Amino acid sequence: MKLLEGKVAIITGASRGIGKGIAEIFAKNGANIAFTYSSSAASALELENQLNQMGVKAKGYQSDAADFEQAHLFVEAVIADFGTVDILINNAGITKDNLLMRMSEDDFDKVIDVNLKSVFNMTKAIQKLFLKQRAGSIINMSSVVGVKGNAGQTNYAASKAGVIGFTKSVALELGSRNIRCNAIAPGFIETEMTAKLNEDVVKGWRESIPLKRGGTTEDVANACLFLASDMSAYVTGQVLNVDGGMLT
């Protein structure tokens with residue numbers, strides 16, 4: 001029995017990286033996938049075809065989760081196309097790193113909009129359906145940086161810490177309706193983005209992690225799979241660190 005057989009999952013920002021990894025693991029476990037992408041149409045189409053070949057229904061939508069109206073229109077389109085939604089993964093995120101003294105207001109605002117306001121927009125958009133069906137699992141992507149902070153990432157850390165506070169509040173508000181809301185805080189996950197970093201820097205990070213390796217997108221996706229499935233039916237309001245022991 002596949003853990004998400006027949007379920008419908010929304011994943012924001014899934015054309016690459018962690019979002020793509022989640023989509024692949026969910027599809028392997030029987031979930032139908034509706035995902036958003038911002039600009040990489042070719043990658044989105046490739047993923048859509050890949051997932052459909054796995055025997056599930058999958059569709060990519062070009063939509064900006066940071067835009068309140070677009071988020072609502074997207075959710076309406078998914079419900080029309082798929083009939084329902086069972087799982088929401090708020091994964092869309094960006095970085096615009098700089099020391100505070102050099103950070104522009106625009107760079108701060110943009111990161112807050114994409115990383116935090118999108119979580120509000122999407123949760124608000126799906127809430128009515130989840131309340132009606134008295135079921136739903138919401139998983140928000142935070143970061144270890146949102147737990148401990150990081151120099152040069154005041155905007156990113158603030159957005160990811162905000163995600164944690166939002167997650168816990170939603171869990172308290174919606175728990176009585178059997179709607180669960182949890183967060184995942186990934187540590188150093190090796191993706192296309194980290195592949196561009198200096199190898200010595202990456203090696204230093206690996207050595208500082210108790211498990212002595214960077215995480216994979218599959219590591220994060222498997223944590224999402226647990227929180228999305230009935231295996232975590234009594235888990236809500238929690239932050240799961242997927243960091244190889246980095247915060248231990």
# chains A, B, ... in the order shown; residues from 1 in each chain; ligands from 1
>>> select_by_dssp(residues="range 4-248 of chain A", states="strand (DSSP E or B)", output="JSON, numbers by chain")
{"A": [8, 9, 10, 11, 32, 33, 34, 35, 36, 37, 58, 59, 60, 61, 62, 87, 88, 89, 90, 98, 136, 137, 138, 139, 140, 141, 153, 179, 180, 181, 182, 183, 184, 185, 186, 189, 215, 239, 240, 241, 242]}
>>> write_last_selection(atoms="C-alpha atoms", output="compact mmCIF listing (two decimals), in the first residue's frame")
# COMPACT_ATOMS: atom_id res chain seq x y z
CA VAL A 8 -3.90 15.19 -4.03
CA ALA A 9 -0.93 17.32 -3.02
CA ILE A 10 -0.13 20.92 -3.83
CA ILE A 11 3.59 21.76 -3.82
CA ASN A 32 -1.47 13.19 -7.59
CA ILE A 33 0.58 16.37 -7.81
CA ALA A 34 -0.33 19.99 -8.57
CA PHE A 35 2.74 22.20 -8.43
CA THR A 36 3.72 25.79 -9.09
CA TYR A 37 6.73 27.26 -10.82
CA ALA A 58 0.41 15.76 -12.34
CA LYS A 59 0.12 19.32 -13.58
CA GLY A 60 2.34 22.38 -13.30
CA TYR A 61 0.91 25.89 -12.95
CA GLN A 62 2.83 29.13 -13.47
CA ILE A 87 -1.98 18.08 1.32
CA LEU A 88 -0.38 21.52 1.00
CA ILE A 89 3.40 21.86 0.89
CA ASN A 90 4.50 25.49 1.17
CA ASN A 98 23.85 40.24 2.46
CA GLY A 136 -5.87 18.25 5.63
CA SER A 137 -2.13 18.29 6.21
CA ILE A 138 -0.18 21.52 5.78
CA ILE A 139 3.62 21.33 5.71
CA ASN A 140 5.63 24.54 5.71
CA MET A 141 9.28 24.71 4.72
CA GLN A 153 20.78 36.27 6.23
CA ILE A 179 -6.31 19.85 10.06
CA ARG A 180 -2.65 19.40 10.91
CA CYS A 181 0.11 21.94 10.32
CA ASN A 182 3.80 21.20 10.75
CA ALA A 183 7.10 22.68 9.64
CA ILE A 184 10.31 21.16 8.37
CA ALA A 185 13.63 22.88 9.04
CA PRO A 186 16.22 21.56 6.57
CA ILE A 189 20.85 20.24 1.66
CA GLY A 215 21.43 16.24 3.20
CA VAL A 239 9.14 21.63 13.71
CA LEU A 240 11.11 18.67 12.37
CA ASN A 241 14.80 19.46 11.90
CA VAL A 242 16.22 17.55 8.94
>>> select_by_dssp(residues="range 175-204 of chain A", states="alpha helix (DSSP H)", output="list of chain:residue names")
A:Glu199, A:Asp200, A:Val201, A:Val202, A:Lys203, A:Gly204
>>> residues_around(residues="Ile126 in chain A", least_positions_apart="3", cutoff="10 Å", atoms="only C-alpha atoms", output="ChimeraX atom specification")
/A:10,71-72,75-76,79,85-88,121-123,129-131,136,138
>>> closest_residue(among="A:Thr167, A:Ser159, A:Ser232, A:Gln50", to="Gly146 in chain A", atoms="only C-alpha atoms")
A:Ser159
>>> closest_residue(among="A:Ser176, A:Asn29, A:Ser40, A:Ser63", to="Arg16 in chain A", atoms="only C-alpha atoms")
A:Ser40
>>> residues_around(residues="Thr191 in chain A", least_positions_apart="6", cutoff="10 Å", atoms="only C-alpha atoms", output="PyMOL selection string")
chain A and resi 16-18+21+214-217
>>> closest_residue(among="A:Leu225, A:Lys7, A:Ser142, A:Leu73", to="Lys124 in chain A", atoms="only C-alpha atoms")
A:Leu73
>>> closest_residue(among="A:Ile25, A:Asp200, A:Ser38, A:Asp97", to="Gln70 in chain A", atoms="only C-alpha atoms")
A:Ser38
>>> residues_around(residues="Asp107 in chain A", least_positions_apart="6", cutoff="12 Å", atoms="only C-alpha atoms", output="CSV table (one decimal) with all heavy atoms, in the first residue's frame")
chain,number,residue,atom,x,y,z
A,94,ILE,N,13.2,31.9,-1.7
A,94,ILE,CA,14.4,32.5,-2.3
A,94,ILE,C,15.3,33.0,-1.2
A,94,ILE,O,15.0,33.1,-0.1
A,94,ILE,CB,14.0,33.7,-3.2
A,94,ILE,CG1,13.3,34.8,-2.4
A,94,ILE,CG2,13.1,33.2,-4.4
A,94,ILE,CD1,13.1,36.1,-3.2
A,95,THR,N,16.5,33.3,-1.7
A,95,THR,CA,17.5,34.0,-0.8
A,95,THR,C,18.0,35.2,-1.5
A,95,THR,O,18.2,35.2,-2.7
A,95,THR,CB,18.7,33.1,-0.4
A,95,THR,OG1,19.3,32.6,-1.7
A,95,THR,CG2,18.3,31.8,0.3
A,96,LYS,N,18.3,36.2,-0.7
A,96,LYS,CA,19.0,37.4,-1.2
A,96,LYS,C,19.9,37.9,-0.1
A,96,LYS,O,19.6,38.8,0.7
A,96,LYS,CB,18.0,38.5,-1.6
A,96,LYS,CG,17.2,38.3,-2.9
A,96,LYS,CD,16.3,39.4,-3.3
A,96,LYS,CE,15.6,39.2,-4.6
A,96,LYS,NZ,16.5,39.1,-5.7
A,97,ASP,N,21.0,37.1,0.1
A,97,ASP,CA,21.9,37.3,1.2
A,97,ASP,C,22.8,38.5,1.1
A,97,ASP,O,23.3,38.9,0.1
A,97,ASP,CB,22.8,36.0,1.3
A,97,ASP,CG,22.0,34.7,1.5
A,97,ASP,OD1,20.8,34.8,1.8
A,97,ASP,OD2,22.7,33.7,1.4
A,98,ASN,N,22.9,39.1,2.3
A,98,ASN,CA,23.8,40.2,2.5
A,98,ASN,C,23.9,40.6,3.9
A,98,ASN,O,23.0,40.3,4.7
A,98,ASN,CB,23.4,41.5,1.6
A,98,ASN,CG,24.5,42.2,1.0
A,98,ASN,OD1,25.7,42.2,1.5
A,98,ASN,ND2,24.3,42.8,-0.2
A,99,LEU,N,25.0,41.3,4.3
A,99,LEU,CA,25.1,41.8,5.7
A,99,LEU,C,24.0,42.9,5.8
A,99,LEU,O,23.7,43.6,4.9
A,99,LEU,CB,26.4,42.4,6.0
A,99,LEU,CG,27.6,41.4,6.0
A,99,LEU,CD1,28.9,42.1,6.2
A,99,LEU,CD2,27.4,40.4,7.2
A,100,LEU,N,23.5,43.0,7.0
A,100,LEU,CA,22.4,44.0,7.2
A,100,LEU,C,22.8,45.4,6.8
A,100,LEU,O,22.0,46.1,6.2
A,100,LEU,CB,22.1,44.0,8.7
A,100,LEU,CG,21.0,45.0,9.2
A,100,LEU,CD1,19.6,44.7,8.5
A,100,LEU,CD2,20.8,45.0,10.7
A,113,ASP,N,8.2,38.3,1.3
A,113,ASP,CA,7.0,38.1,0.5
A,113,ASP,C,7.0,36.6,0.0
A,113,ASP,O,6.0,35.9,0.1
A,113,ASP,CB,7.0,39.0,-0.7
A,113,ASP,CG,6.5,40.4,-0.3
A,113,ASP,OD1,6.0,40.6,0.8
A,113,ASP,OD2,6.6,41.3,-1.1
A,114,VAL,N,8.1,36.2,-0.6
A,114,VAL,CA,8.2,34.9,-1.2
A,114,VAL,C,8.2,33.8,-0.2
A,114,VAL,O,7.6,32.7,-0.3
A,114,VAL,CB,9.4,34.7,-2.1
A,114,VAL,CG1,9.5,33.3,-2.7
A,114,VAL,CG2,9.3,35.7,-3.3
A,153,GLN,N,22.1,36.8,6.7
A,153,GLN,CA,20.8,36.3,6.2
A,153,GLN,C,19.7,36.8,7.1
A,153,GLN,O,18.7,36.0,7.5
A,153,GLN,CB,20.8,34.7,6.2
A,153,GLN,CG,21.6,34.1,5.1
A,153,GLN,CD,21.3,32.6,4.9
A,153,GLN,OE1,21.4,31.9,5.8
A,153,GLN,NE2,20.9,32.3,3.7
A,154,THR,N,19.7,38.0,7.5
A,154,THR,CA,18.7,38.5,8.4
A,154,THR,C,17.3,38.4,7.8
A,154,THR,O,16.3,38.1,8.5
A,154,THR,CB,18.9,40.0,8.8
A,154,THR,OG1,19.1,40.8,7.6
A,154,THR,CG2,20.1,40.2,9.7
A,155,ASN,N,17.2,38.7,6.5
A,155,ASN,CA,15.9,38.6,5.8
A,155,ASN,C,15.4,37.1,5.7
A,155,ASN,O,14.3,36.8,6.1
A,155,ASN,CB,16.0,39.2,4.4
A,155,ASN,CG,17.2,38.7,3.6
A,155,ASN,OD1,17.9,37.9,4.0
A,155,ASN,ND2,17.3,39.3,2.4
A,156,TYR,N,16.3,36.2,5.3
A,156,TYR,CA,16.0,34.8,5.2
A,156,TYR,C,15.6,34.2,6.6
A,156,TYR,O,14.6,33.5,6.7
A,156,TYR,CB,17.1,34.1,4.6
A,156,TYR,CG,16.8,32.6,4.3
A,156,TYR,CD1,16.1,32.3,3.1
A,156,TYR,CD2,17.4,31.6,5.0
A,156,TYR,CE1,15.8,31.0,2.8
A,156,TYR,CE2,17.1,30.3,4.7
A,156,TYR,CZ,16.3,29.9,3.6
A,156,TYR,OH,16.1,28.6,3.3
